[in-house]
file data-v8.cif (mmCIF, C-alpha atoms and all ligand atoms)
data_structure
loop_
_atom_site.label_atom_id
_atom_site.label_comp_id
_atom_site.auth_asym_id
_atom_site.auth_seq_id
_atom_site.Cartn_x
_atom_site.Cartn_y
_atom_site.Cartn_z
CA MET A 1 -10.82 20.36 25.83
CA GLU A 2 -10.83 16.70 24.89
CA ARG A 3 -9.22 16.10 21.53
CA ALA A 4 -10.73 13.66 19.06
CA TYR A 5 -8.40 10.86 18.01
CA ILE A 6 -7.47 10.59 14.33
CA LYS A 7 -6.38 7.15 13.14
CA ILE A 8 -3.38 7.21 10.85
CA PHE A 9 -3.78 4.62 8.09
CA ASP A 10 -0.45 4.25 6.35
CA THR A 11 -0.59 3.04 2.75
CA THR A 12 3.08 3.51 1.85
CA LEU A 13 3.36 -0.23 1.25
CA ARG A 14 0.31 -0.35 -1.01
CA ASP A 15 -0.63 2.92 -2.74
CA GLY A 16 2.90 4.25 -2.26
CA GLU A 17 4.64 1.14 -3.45
CA GLN A 18 2.47 1.19 -6.60
CA SER A 19 4.17 4.35 -7.80
CA PRO A 20 6.93 4.17 -10.42
CA GLY A 21 10.36 3.39 -9.01
CA CYS A 22 9.10 2.67 -5.49
CA SER A 23 8.75 -1.10 -5.51
CA MET A 24 10.25 -3.04 -2.62
CA ASN A 25 10.96 -6.71 -2.00
CA VAL A 26 9.53 -8.65 0.95
CA GLN A 27 12.46 -7.98 3.30
CA GLU A 28 12.45 -4.28 2.47
CA LYS A 29 8.70 -4.06 3.09
CA LEU A 30 9.12 -5.83 6.39
CA ARG A 31 11.85 -3.44 7.44
CA LEU A 32 9.66 -0.45 6.59
CA ALA A 33 6.70 -2.02 8.41
CA HIS A 34 8.80 -2.27 11.59
CA GLN A 35 9.56 1.44 11.29
CA LEU A 36 5.86 2.25 10.73
CA ASP A 37 5.14 0.31 13.91
CA ARG A 38 7.73 2.38 15.82
CA LEU A 39 6.19 5.49 14.28
CA GLY A 40 2.88 4.61 15.92
CA VAL A 41 0.54 4.39 12.93
CA ASP A 42 -2.83 2.74 13.64
CA VAL A 43 -3.24 0.77 10.43
CA ILE A 44 -0.66 -0.51 7.96
CA GLU A 45 -2.03 -1.29 4.53
CA ALA A 46 0.59 -3.88 3.71
CA GLY A 47 -0.26 -4.58 0.08
CA PHE A 48 -2.67 -5.80 -2.55
CA PRO A 49 -2.40 -9.59 -2.13
CA ILE A 50 -4.01 -10.58 -5.44
CA ALA A 51 -1.58 -8.39 -7.39
CA SER A 52 1.34 -10.82 -7.15
CA ASP A 53 2.71 -13.70 -5.10
CA GLY A 54 5.38 -11.34 -3.78
CA ASP A 55 2.75 -8.88 -2.59
CA CYS A 56 0.81 -11.65 -0.90
CA ALA A 57 3.95 -13.01 0.79
CA ALA A 58 4.86 -9.53 2.04
CA VAL A 59 1.41 -8.98 3.56
CA GLN A 60 1.57 -12.41 5.20
CA ALA A 61 5.02 -11.74 6.64
CA ILE A 62 3.98 -8.33 7.99
CA ALA A 63 0.75 -9.77 9.46
CA ALA A 64 2.75 -12.46 11.24
CA THR A 65 5.40 -10.09 12.61
CA ILE A 66 3.90 -6.69 13.35
CA ARG A 67 1.40 -7.15 16.14
CA ARG A 68 0.36 -3.69 17.41
CA PRO A 69 -1.27 -1.91 14.43
CA ALA A 70 -4.11 -3.33 12.35
CA ILE A 71 -2.83 -4.91 9.13
CA ALA A 72 -4.98 -4.31 6.04
CA GLY A 73 -4.95 -6.07 2.69
CA LEU A 74 -6.60 -4.51 -0.36
CA ALA A 75 -9.11 -6.38 -2.54
CA ARG A 76 -11.31 -5.61 -5.51
CA ALA A 77 -14.98 -6.37 -4.95
CA CYS A 78 -14.81 -10.00 -6.03
CA ARG A 79 -14.50 -13.38 -4.35
CA GLU A 80 -11.02 -14.25 -5.59
CA ASP A 81 -9.49 -10.99 -4.35
CA ILE A 82 -11.27 -11.10 -1.01
CA GLU A 83 -10.27 -14.69 -0.29
CA ARG A 84 -6.67 -13.96 -1.21
CA ALA A 85 -6.66 -10.82 0.96
CA TRP A 86 -8.01 -12.84 3.87
CA GLN A 87 -5.42 -15.53 3.36
CA ALA A 88 -2.74 -12.81 3.57
CA VAL A 89 -4.00 -10.93 6.65
CA ARG A 90 -5.63 -13.68 8.70
CA GLY A 91 -2.47 -14.26 10.75
CA ALA A 92 -2.49 -10.65 12.00
CA ALA A 93 -3.39 -9.72 15.57
CA ARG A 94 -5.88 -7.25 14.06
CA PRO A 95 -6.64 -8.12 10.44
CA ARG A 96 -8.61 -5.83 8.12
CA ILE A 97 -9.94 -6.40 4.61
CA HIS A 98 -10.18 -3.25 2.49
CA ILE A 99 -12.48 -3.56 -0.51
CA PHE A 100 -12.79 -1.02 -3.27
CA LEU A 101 -15.25 -0.61 -6.12
CA ALA A 102 -15.62 2.42 -8.36
CA THR A 103 -18.90 4.32 -8.09
CA SER A 104 -18.54 7.26 -10.50
CA ASP A 105 -20.51 6.99 -13.74
CA ILE A 106 -17.39 7.42 -15.81
CA HIS A 107 -15.74 4.42 -14.11
CA LEU A 108 -18.91 2.31 -14.17
CA GLN A 109 -19.51 2.99 -17.84
CA TYR A 110 -16.02 2.82 -19.31
CA LYS A 111 -13.96 0.75 -16.92
CA LEU A 112 -16.29 -1.71 -15.23
CA LYS A 113 -19.11 -1.67 -17.83
CA ILE A 114 -21.76 -2.26 -15.18
CA SER A 115 -24.94 -0.40 -14.23
CA ARG A 116 -25.44 1.51 -10.98
CA GLN A 117 -27.73 -1.26 -9.75
CA GLN A 118 -25.08 -3.90 -10.46
CA CYS A 119 -22.54 -1.75 -8.66
CA LEU A 120 -24.73 -1.59 -5.53
CA GLU A 121 -25.23 -5.34 -5.50
CA GLN A 122 -21.57 -6.10 -6.07
CA ALA A 123 -20.49 -3.72 -3.32
CA HIS A 124 -22.99 -5.18 -0.87
CA ASP A 125 -22.24 -8.82 -1.66
CA SER A 126 -18.49 -8.42 -1.54
CA VAL A 127 -18.58 -6.65 1.82
CA ARG A 128 -20.89 -9.36 3.14
CA LEU A 129 -18.43 -12.04 2.00
CA ALA A 130 -15.49 -10.19 3.59
CA LYS A 131 -17.45 -9.71 6.80
CA SER A 132 -18.08 -13.46 7.00
CA LEU A 133 -14.28 -13.88 7.14
CA CYS A 134 -13.06 -10.81 9.01
CA GLY A 135 -14.65 -8.58 11.65
CA ASP A 136 -12.95 -5.43 10.38
CA VAL A 137 -14.02 -4.46 6.85
CA GLU A 138 -13.32 -1.14 5.14
CA PHE A 139 -14.99 -0.08 1.91
CA SER A 140 -13.80 2.51 -0.61
CA PRO A 141 -16.04 3.81 -3.40
CA GLU A 142 -13.26 4.53 -5.89
CA ASP A 143 -13.48 7.97 -7.51
CA ALA A 144 -15.95 9.00 -4.80
CA THR A 145 -15.38 12.70 -5.38
CA ARG A 146 -16.66 12.43 -8.96
CA THR A 147 -19.61 10.24 -8.00
CA ASP A 148 -23.18 11.56 -7.98
CA HIS A 149 -23.82 12.29 -4.29
CA GLU A 150 -27.16 10.54 -4.07
CA PHE A 151 -25.72 7.40 -5.62
CA LEU A 152 -22.67 7.59 -3.37
CA TYR A 153 -24.97 7.68 -0.33
CA GLN A 154 -26.85 4.64 -1.63
CA ALA A 155 -23.61 2.71 -2.11
CA LEU A 156 -22.40 3.62 1.37
CA ASP A 157 -25.74 2.61 2.91
CA ALA A 158 -25.50 -0.74 1.11
CA VAL A 159 -22.02 -1.55 2.42
CA VAL A 160 -22.81 -0.43 5.97
CA GLU A 161 -25.83 -2.72 5.88
CA ALA A 162 -23.49 -5.54 4.77
CA GLY A 163 -21.11 -4.91 7.68
CA ALA A 164 -18.47 -2.34 6.67
CA THR A 165 -17.27 -0.34 9.67
CA THR A 166 -14.93 2.09 7.92
CA LEU A 167 -16.05 4.15 4.93
CA ASN A 168 -13.11 5.54 3.03
CA ILE A 169 -13.85 8.37 0.61
CA PRO A 170 -11.11 8.47 -2.02
CA ASP A 171 -10.33 11.53 -4.07
CA THR A 172 -8.78 9.04 -6.47
CA VAL A 173 -7.86 11.53 -9.17
CA GLY A 174 -6.85 14.42 -6.90
CA TYR A 175 -9.67 16.59 -8.21
CA SER A 176 -11.31 17.99 -5.07
CA MET A 177 -10.93 21.39 -3.45
CA PRO A 178 -10.66 21.51 0.36
CA GLU A 179 -14.07 23.15 1.04
CA GLU A 180 -15.75 20.82 -1.41
CA TYR A 181 -14.16 17.69 0.04
CA GLY A 182 -15.00 18.89 3.57
CA GLU A 183 -18.66 19.33 2.57
CA LEU A 184 -18.77 15.85 1.09
CA ILE A 185 -17.35 14.32 4.27
CA ARG A 186 -19.72 16.39 6.44
CA GLY A 187 -22.71 15.18 4.40
CA ILE A 188 -21.68 11.55 4.82
CA ARG A 189 -20.91 12.04 8.50
CA ARG A 190 -24.43 13.35 9.09
CA ARG A 191 -25.95 10.18 7.65
CA THR A 192 -23.86 7.64 9.51
CA GLY A 193 -23.81 6.73 13.17
CA ASP A 194 -20.86 7.03 15.53
CA GLU A 195 -19.93 3.40 15.12
CA ILE A 196 -18.88 4.03 11.50
CA THR A 197 -15.46 5.61 10.90
CA ILE A 198 -15.25 8.02 7.97
CA SER A 199 -11.84 8.03 6.30
CA ALA A 200 -10.10 10.43 3.90
CA HIS A 201 -7.87 9.29 1.04
CA CYS A 202 -6.48 12.14 -1.03
CA HIS A 203 -4.20 12.34 -4.03
CA ASN A 204 -1.96 15.25 -4.76
CA ASP A 205 -2.53 16.01 -8.44
CA LEU A 206 -3.31 19.64 -7.63
CA GLY A 207 -1.01 19.78 -4.62
CA LEU A 208 -4.02 19.68 -2.27
CA ALA A 209 -3.84 16.21 -0.74
CA VAL A 210 -2.82 17.40 2.72
CA ALA A 211 -5.18 20.41 2.65
CA ASN A 212 -8.04 18.11 1.64
CA SER A 213 -7.18 15.61 4.37
CA LEU A 214 -7.21 18.39 7.00
CA ALA A 215 -10.55 19.67 5.67
CA ALA A 216 -11.91 16.12 6.01
CA ILE A 217 -10.73 15.87 9.61
CA ALA A 218 -12.41 19.18 10.44
CA ALA A 219 -15.60 17.83 8.83
CA GLY A 220 -15.66 14.66 10.90
CA ALA A 221 -13.29 12.14 9.28
CA ARG A 222 -11.56 10.13 11.99
CA GLN A 223 -9.11 8.21 9.82
CA VAL A 224 -6.72 9.57 7.20
CA GLU A 225 -4.92 7.50 4.61
CA CYS A 226 -1.47 8.75 3.79
CA THR A 227 2.09 7.75 2.91
CA ILE A 228 5.60 8.52 4.09
CA ASN A 229 7.12 11.28 1.95
CA GLY A 230 3.75 11.49 0.14
CA ILE A 231 4.78 8.79 -2.34
CA GLY A 232 2.03 7.30 -4.48
CA GLU A 233 0.41 7.11 -7.88
CA ARG A 234 1.15 10.09 -10.16
CA ALA A 235 1.67 13.16 -7.94
CA GLY A 236 1.40 11.01 -4.83
CA ASN A 237 -0.79 10.61 -1.77
CA ALA A 238 -1.19 12.93 1.20
CA ALA A 239 2.10 13.05 3.12
CA LEU A 240 1.77 11.46 6.56
CA GLU A 241 4.44 13.66 8.16
CA GLU A 242 2.76 16.85 6.94
CA ILE A 243 -0.70 15.91 8.24
CA VAL A 244 0.68 14.83 11.60
CA MET A 245 2.80 17.93 12.11
CA ALA A 246 0.02 20.29 10.95
CA LEU A 247 -2.14 18.83 13.72
CA ARG A 248 0.73 18.99 16.21
CA VAL A 249 1.79 22.56 15.44
CA ARG A 250 -1.74 24.03 15.18
CA PRO A 251 -3.92 22.44 17.90
CA ASP A 252 -5.64 25.82 18.21
CA ARG A 253 -7.23 25.25 14.79
CA TYR A 254 -7.09 21.46 14.72
CA PRO A 255 -7.77 20.06 18.19
CA TYR A 256 -7.05 16.45 17.28
CA GLU A 257 -4.64 13.80 18.41
CA THR A 258 -2.80 11.02 16.65
CA GLY A 259 -0.76 8.15 18.04
CA VAL A 260 2.26 9.11 15.95
CA ILE A 261 5.62 9.54 17.68
CA SER A 262 6.83 12.54 15.73
CA GLU A 263 10.52 11.90 16.49
CA GLN A 264 10.21 8.79 14.30
CA LEU A 265 9.14 10.80 11.22
CA PHE A 266 12.59 11.56 9.90
CA PRO A 267 13.89 8.01 10.45
CA ALA A 268 10.83 6.69 8.54
CA SER A 269 11.35 9.15 5.70
CA HIS A 270 15.04 8.37 5.48
CA LEU A 271 14.53 4.61 5.56
CA LEU A 272 11.93 4.73 2.79
CA SER A 273 14.17 6.91 0.69
CA GLU A 274 17.06 4.45 1.20
CA LEU A 275 14.97 1.39 0.41
CA THR A 276 13.48 2.81 -2.77
CA ASP A 277 16.48 4.85 -3.88
CA ALA A 278 14.12 7.80 -4.22
CA PRO A 279 15.57 10.97 -2.72
CA VAL A 280 13.30 13.38 -0.90
CA GLN A 281 13.11 16.77 -2.58
CA ALA A 282 15.30 19.25 -0.70
CA ASN A 283 12.49 21.67 0.15
CA LYS A 284 9.96 18.96 1.12
CA ALA A 285 8.04 20.04 4.23
CA ILE A 286 9.15 18.33 7.47
CA THR A 287 11.64 15.83 6.01
CA GLY A 288 13.51 17.60 3.17
CA ARG A 289 17.14 18.40 3.88
CA ASN A 290 16.44 22.14 3.67
CA ALA A 291 13.30 22.00 5.83
CA PHE A 292 15.20 23.40 8.80
CA ALA A 293 18.04 25.18 7.03
CA HIS A 294 18.33 28.93 7.35
CA GLU A 295 20.60 30.66 4.91
CA ALA A 296 19.44 34.25 4.53
CA GLY A 297 21.46 36.47 6.83
CA ILE A 298 18.45 38.13 8.39
CA HIS A 299 16.93 34.72 9.18
CA GLN A 300 20.18 33.49 10.72
CA ASP A 301 20.37 36.59 12.83
CA GLY A 302 16.80 36.09 14.02
CA MET A 303 17.38 32.39 14.71
CA LEU A 304 20.39 33.19 16.84
CA LYS A 305 18.47 35.73 18.87
CA ASN A 306 15.45 33.50 19.31
CA PRO A 307 14.58 30.40 17.23
CA LEU A 308 10.88 31.22 17.42
CA THR A 309 11.50 34.07 14.99
CA TYR A 310 11.65 31.62 12.10
CA GLU A 311 11.04 28.16 13.51
CA ILE A 312 7.55 26.79 14.12
CA MET A 313 8.83 23.36 15.23
CA THR A 314 12.25 22.09 16.17
CA PRO A 315 14.21 19.67 13.97
CA HIS A 316 14.49 17.51 17.09
CA SER A 317 10.67 17.18 17.30
CA VAL A 318 10.55 15.38 13.94
CA GLY A 319 13.66 13.29 14.58
CA VAL A 320 16.16 15.11 12.39
CA PRO A 321 19.58 13.87 13.55
CA ASP A 322 21.60 16.22 15.65
CA SER A 323 24.38 17.12 13.26
CA ARG A 324 26.64 18.02 16.16
CA LEU A 325 26.85 14.38 17.14
CA VAL A 326 30.12 13.66 15.34
CA LEU A 327 31.06 10.02 15.02
CA GLY A 328 34.73 9.32 15.55
CA LYS A 329 36.91 6.69 17.17
CA HIS A 330 35.93 7.88 20.62
CA SER A 331 32.23 7.36 20.00
CA GLY A 332 30.64 4.51 21.89
CA ARG A 333 28.21 1.83 20.85
CA HIS A 334 25.35 3.89 22.18
CA ALA A 335 26.07 6.88 19.93
CA LEU A 336 26.53 4.56 16.97
CA GLY A 337 23.26 2.75 17.67
CA LEU A 338 21.45 6.06 18.06
CA ARG A 339 22.70 7.37 14.73
CA CYS A 340 21.64 4.12 13.02
CA GLU A 341 18.16 4.56 14.52
CA GLN A 342 18.01 8.16 13.34
CA LEU A 343 18.61 6.83 9.85
CA GLY A 344 15.78 4.33 10.27
CA PHE A 345 17.82 1.18 10.99
CA GLN A 346 17.47 -0.74 14.24
CA PHE A 347 19.86 -3.55 15.12
CA ASP A 348 20.02 -6.15 17.82
CA ARG A 349 22.99 -6.35 20.15
CA ARG A 350 24.94 -8.84 18.04
CA GLN A 351 24.50 -6.88 14.82
CA LEU A 352 25.41 -3.63 16.50
CA ASP A 353 28.57 -5.21 17.96
CA ASP A 354 29.48 -6.33 14.49
CA ILE A 355 28.96 -2.89 12.98
CA TYR A 356 30.80 -1.33 15.90
CA ARG A 357 33.89 -3.49 15.38
CA ARG A 358 34.13 -2.40 11.77
CA PHE A 359 33.30 1.17 12.70
CA VAL A 360 36.25 1.33 15.10
CA VAL A 361 38.63 0.04 12.42
CA LEU A 362 37.32 2.64 9.98
CA ALA A 363 37.36 5.47 12.53
CA ASP A 364 40.99 4.68 13.23
CA LYS A 365 41.83 5.33 9.59
CA ILE A 366 39.66 8.39 8.96
CA LYS A 367 38.90 11.07 11.48
CA HIS A 368 35.20 11.58 11.05
CA VAL A 369 32.85 8.82 10.03
CA GLU A 370 30.35 10.48 7.72
CA GLU A 371 26.81 9.35 7.10
CA HIS A 372 27.61 7.64 3.81
CA HIS A 373 30.37 5.60 5.51
CA LEU A 374 27.92 4.51 8.16
CA LEU A 375 25.33 3.58 5.55
CA GLU A 376 27.93 1.40 3.85
CA LEU A 377 28.66 -0.36 7.15
CA ILE A 378 24.93 -0.83 7.71
CA GLN A 379 24.48 -2.19 4.23
CA SER A 380 27.30 -4.70 4.51
CA GLU A 381 25.86 -5.87 7.83
CA LEU A 382 22.43 -6.34 6.25
CA ASN A 383 23.88 -8.20 3.27
CA GLN A 384 26.00 -10.41 5.48
CA ASP A 385 23.00 -11.20 7.65
CA GLY A 386 21.05 -12.28 4.58
CA GLY A 387 18.72 -9.48 5.55
CA GLY A 388 17.28 -9.56 2.08
CA ALA A 389 18.72 -6.24 1.02
CA THR A 390 19.98 -8.11 -2.00
CA GLY A 391 21.85 -5.99 -4.41
CA HIS A 392 20.80 -2.86 -2.63
CA THR A 393 23.49 -0.29 -2.17
CA PRO A 394 23.11 3.05 -0.45
CA SER A 395 21.60 5.48 -2.87
CA ARG A 396 23.53 8.25 -4.50
CA HIS A 397 22.09 11.09 -2.51
CA THR A 398 23.58 9.67 0.64
CA GLN A 399 27.05 9.80 -0.83
CA ALA A 400 27.07 13.33 0.50
CA THR A 401 25.97 13.95 4.06
CA TYR A 402 22.22 13.82 3.85
CA PHE A 403 21.50 16.57 6.25
CA GLN A 404 23.89 19.44 5.98
CA ARG A 405 22.20 21.86 8.30
CA THR A 406 24.70 24.41 9.48
CA THR A 407 24.92 24.34 13.23
CA PRO A 408 24.68 27.57 15.18
CA ALA A 409 28.32 27.28 16.26
CA THR A 410 29.53 27.15 12.68
CA LEU A 411 27.07 29.86 11.68
CA ILE A 412 28.71 32.13 14.18
CA ALA A 413 32.22 31.25 13.08
CA GLU A 414 31.57 31.42 9.34
CA HIS A 415 29.45 34.49 9.24
CA ASN A 416 30.96 36.42 12.06
CA LEU A 417 27.60 36.80 13.72
CA PRO A 418 27.29 38.20 17.21
CA ARG A 419 26.80 35.64 19.97
CA PRO A 420 23.56 35.99 21.89
CA ALA A 421 24.81 38.01 24.81
CA ASP A 422 22.37 36.65 27.34
CA HIS A 423 22.89 32.95 26.84
CA PRO A 424 26.08 31.04 27.45
CA GLU A 425 25.11 27.94 25.41
CA PRO A 426 23.83 29.15 22.06
CA GLU A 427 23.67 25.67 20.52
CA ASP A 428 21.55 24.18 23.24
CA TYR A 429 19.43 27.26 23.36
CA LEU A 430 18.79 27.20 19.66
CA TRP A 431 18.08 23.58 19.05
CA GLY A 432 16.50 22.62 22.33
CA VAL A 433 18.36 19.35 22.74
ZN ZN A 501 -5.01 6.06 -3.80
#

call {"tool": "encode", "arguments": {"input": "data-v8.cif", "output": "structure tokens"}}
result
Amino acid sequence: MERAYIKIFDTTLRDGEQSPGCSMNVQEKLRLAHQLDRLGVDVIEAGFPIASDGDCAAVQAIAATIRRPAIAGLARACREDIERAWQAVRGAARPRIHIFLATSDIHLQYKLKISRQQCLEQAHDSVRLAKSLCGDVEFSPEDATRTDHEFLYQALDAVVEAGATTLNIPDTVGYSMPEEYGELIRGIRRRTGDEITISAHCHNDLGLAVANSLAAIAAGARQVECTINGIGERAGNAALEEIVMALRVRPDRYPYETGVISEQLFPASHLLSELTDAPVQANKAITGRNAFAHEAGIHQDGMLKNPLTYEIMTPHSVGVPDSRLVLGKHSGRHALGLRCEQLGFQFDRRQLDDIYRRFVVLADKIKHVEEHHLLELIQSELNQDGGGATGHTPSRHTQATYFQRTTPATLIAEHNLPRPADHPEPEDYLWGV
């Protein structure tokens, strides 16, 4: 069966970066954008250019450098915002202007103080202006899930008429239930032609952002807006890695494809966490340090006999570093480069040589180079290169080895578990690497 393609619209650098404690400077945003490119996302929402000169500069830099995905800039529905957004994204290979305007009565009345009729006109005119600048225009009726349905349809009709090609339906306040959100998307899908892409944008105030996004996909949405580690306003946005892996692990229920390279999920999560100094909660699905840890004896026993007893995906499939790859003085450049990549840092030949020289000196003094040592070497390389990581030091949580998954070999030794009798290489058997 042919699987429908779901575009992954990453808004880590916009909605995510807006959340408390997650702000990044231009160089940090650029570094994350490179990783999002390697991850294979379809659209990077790089920022909200009118918000600050720094935001605008970051969007411009990303648009000039990252050429494969579409680069979107956010704008309110007014001339100044739209022109600034265009100025920021126009250098991109595939620029997109994303306009939002609230449509719920509560927002119209108390926040914008405009009538429904004024809202329709403003939405239409702003999309028309954006369309005169940029072929790819997305429109979001903010607080769509609390908007009267008939009025929402009118607003969407108005912006489609003005040239919008993606209609994003934000559950701005994280209020929707999955069936309800699915019905809303289905209703909109029925009214629009195939040339219009319906998009989901869900917040996690009730812990339902991913469930709502999946319900939207099943109802006909072909783009989902999400963030790495689910960062975002308040309780966050839908977590990109969770949506992608739900589709990957359950194609029987969700026969859809994305362009995401799942092995790049952990490096992306780790890099974001490093850049923002915001640790990922230990039990976070997919990327938390306990996501693949098995401690209960009965689980360990089952895992040793057959990993499928308790494992629905391998750590390897989401890019969790192989903890058996010990870095010591006998490790080569290749192993060192690979471990840097697993942590979300890519270096050119010269930089890697530089790190390697210092690594060898360190490895001569201490037996095993732990992750926090490596992060210090990486950081000093970035600082020395003027890589813009000014004042940034590896965050506290990396002072201990980030991923302390017990390997099967040590499980056996420490817990005196029986070796699987029928397999000579339990480690390879278990972790599929
Ligand atoms: Zn949002």

call {"tool": "closest_atom_pairs", "arguments": {"input": "data-v8.cif", "of": "chain A", "to": "ligand ZN 501 (chain A)", "cutoff": "12 Å", "atoms": "all atoms listed in the file", "output": "tab-separated table"}}
result
residue	atom	partner	partner_atom	distance
A:Asp10	CA	A:ZN501	ZN	11.3
A:Thr11	CA	A:ZN501	ZN	8.5
A:Thr12	CA	A:ZN501	ZN	10.2
A:Leu13	CA	A:ZN501	ZN	11.6
A:Arg14	CA	A:ZN501	ZN	8.8
A:Asp15	CA	A:ZN501	ZN	5.5
A:Gly16	CA	A:ZN501	ZN	8.3
A:Glu17	CA	A:ZN501	ZN	10.8
A:Gln18	CA	A:ZN501	ZN	9.4
A:Ser19	CA	A:ZN501	ZN	10.2
A:Glu45	CA	A:ZN501	ZN	11.5
A:Leu74	CA	A:ZN501	ZN	11.2
A:Phe100	CA	A:ZN501	ZN	10.5
A:Ser140	CA	A:ZN501	ZN	10.0
A:Pro141	CA	A:ZN501	ZN	11.3
A:Glu142	CA	A:ZN501	ZN	8.6
A:Asp143	CA	A:ZN501	ZN	9.4
A:Ala144	CA	A:ZN501	ZN	11.4
A:Asn168	CA	A:ZN501	ZN	10.6
A:Ile169	CA	A:ZN501	ZN	10.1
A:Pro170	CA	A:ZN501	ZN	6.8
A:Asp171	CA	A:ZN501	ZN	7.6
A:Thr172	CA	A:ZN501	ZN	5.5
A:Val173	CA	A:ZN501	ZN	8.2
A:Gly174	CA	A:ZN501	ZN	9.1
A:Ala200	CA	A:ZN501	ZN	10.2
A:His201	CA	A:ZN501	ZN	6.5
A:Cys202	CA	A:ZN501	ZN	6.8
A:His203	CA	A:ZN501	ZN	6.3
A:Asn204	CA	A:ZN501	ZN	9.7
A:Asp205	CA	A:ZN501	ZN	11.3
A:Ala209	CA	A:ZN501	ZN	10.7
A:Val224	CA	A:ZN501	ZN	11.7
A:Glu225	CA	A:ZN501	ZN	8.5
A:Cys226	CA	A:ZN501	ZN	8.8
A:Thr227	CA	A:ZN501	ZN	9.9
A:Gly230	CA	A:ZN501	ZN	11.0
A:Ile231	CA	A:ZN501	ZN	10.3
A:Gly232	CA	A:ZN501	ZN	7.2
A:Glu233	CA	A:ZN501	ZN	6.9
A:Arg234	CA	A:ZN501	ZN	9.7
A:Ala235	CA	A:ZN501	ZN	10.6
A:Gly236	CA	A:ZN501	ZN	8.2
A:Asn237	CA	A:ZN501	ZN	6.5
A:Ala238	CA	A:ZN501	ZN	9.3

call {"tool": "residues_around", "arguments": {"input": "data-v8.cif", "residues": "Gln35 (chain A)", "least_positions_apart": "4", "cutoff": "8 Å", "atoms": "all atoms listed in the file", "output": "list in words"}}
result
Arg31, Leu39, Gln264, Pro267, Ala268 and Gly344 of chain A

call {"tool": "atom_distance", "arguments": {"input": "data-v8.cif", "atom1": "CA of Ala63 (chain A)", "atom2": "CA of Val43 (chain A)"}}
result
11.3 Å

call {"tool": "residues_around", "arguments": {"input": "data-v8.cif", "residues": "Leu108 (chain A)", "least_positions_apart": "2", "cutoff": "12 Å", "atoms": "only C-alpha atoms", "output": "VMD selection string"}}
result
chain A and resid 101 to 106 110 to 120 122 141 to 144 146 to 148

call {"tool": "atom_distance", "arguments": {"input": "data-v8.cif", "atom1": "CA of Gln223 (chain A)", "atom2": "CA of Gln154 (chain A)"}}
result
21.4 Å

call {"tool": "residues_around", "arguments": {"input": "data-v8.cif", "residues": "Gly337 (chain A)", "least_positions_apart": "4", "cutoff": "9 Å", "atoms": "all atoms listed in the file", "output": "number ranges by chain"}}
result
A: 332-333, 341-342, 345-347, 352, 356

call {"tool": "atom_distance", "arguments": {"input": "data-v8.cif", "atom1": "CA of Gly207 (chain A)", "atom2": "CA of Ile286 (chain A)"}}
result
15.9 Å

call {"tool": "closest_residue", "arguments": {"input": "data-v8.cif", "among": "A:Tyr181, A:Glu241, A:Ile228, A:Leu374", "to": "Asn212 (chain A)", "atoms": "only C-alpha atoms"}}
result
A:Tyr181

call {"tool": "residues_around", "arguments": {"input": "data-v8.cif", "residues": "Ala77 (chain A)", "least_positions_apart": "2", "cutoff": "8 Å", "atoms": "only C-alpha atoms", "output": "list in words"}}
result
Ala75, Arg79, Asp81, Ile82, Ile99, Phe100, Leu101, Gln122, Ala123, Ser126 and Val127 of chain A

call {"tool": "closest_residue", "arguments": {"input": "data-v8.cif", "among": "A:Ile196, A:Leu343, A:Leu30, A:Leu184", "to": "Glu161 (chain A)", "atoms": "all atoms listed in the file"}}
result
A:Ile196

call {"tool": "residues_around", "arguments": {"input": "data-v8.cif", "residues": "His330 (chain A)", "least_positions_apart": "6", "cutoff": "10 Å", "atoms": "all atoms listed in the file", "output": "list in words"}}
result
Val360, Ala363 and Asp364 of chain A

call {"tool": "closest_residue", "arguments": {"input": "data-v8.cif", "among": "A:Met313, A:Ala291, A:Ala92, A:Ala211", "to": "Thr65 (chain A)", "atoms": "all atoms listed in the file"}}
result
A:Ala92
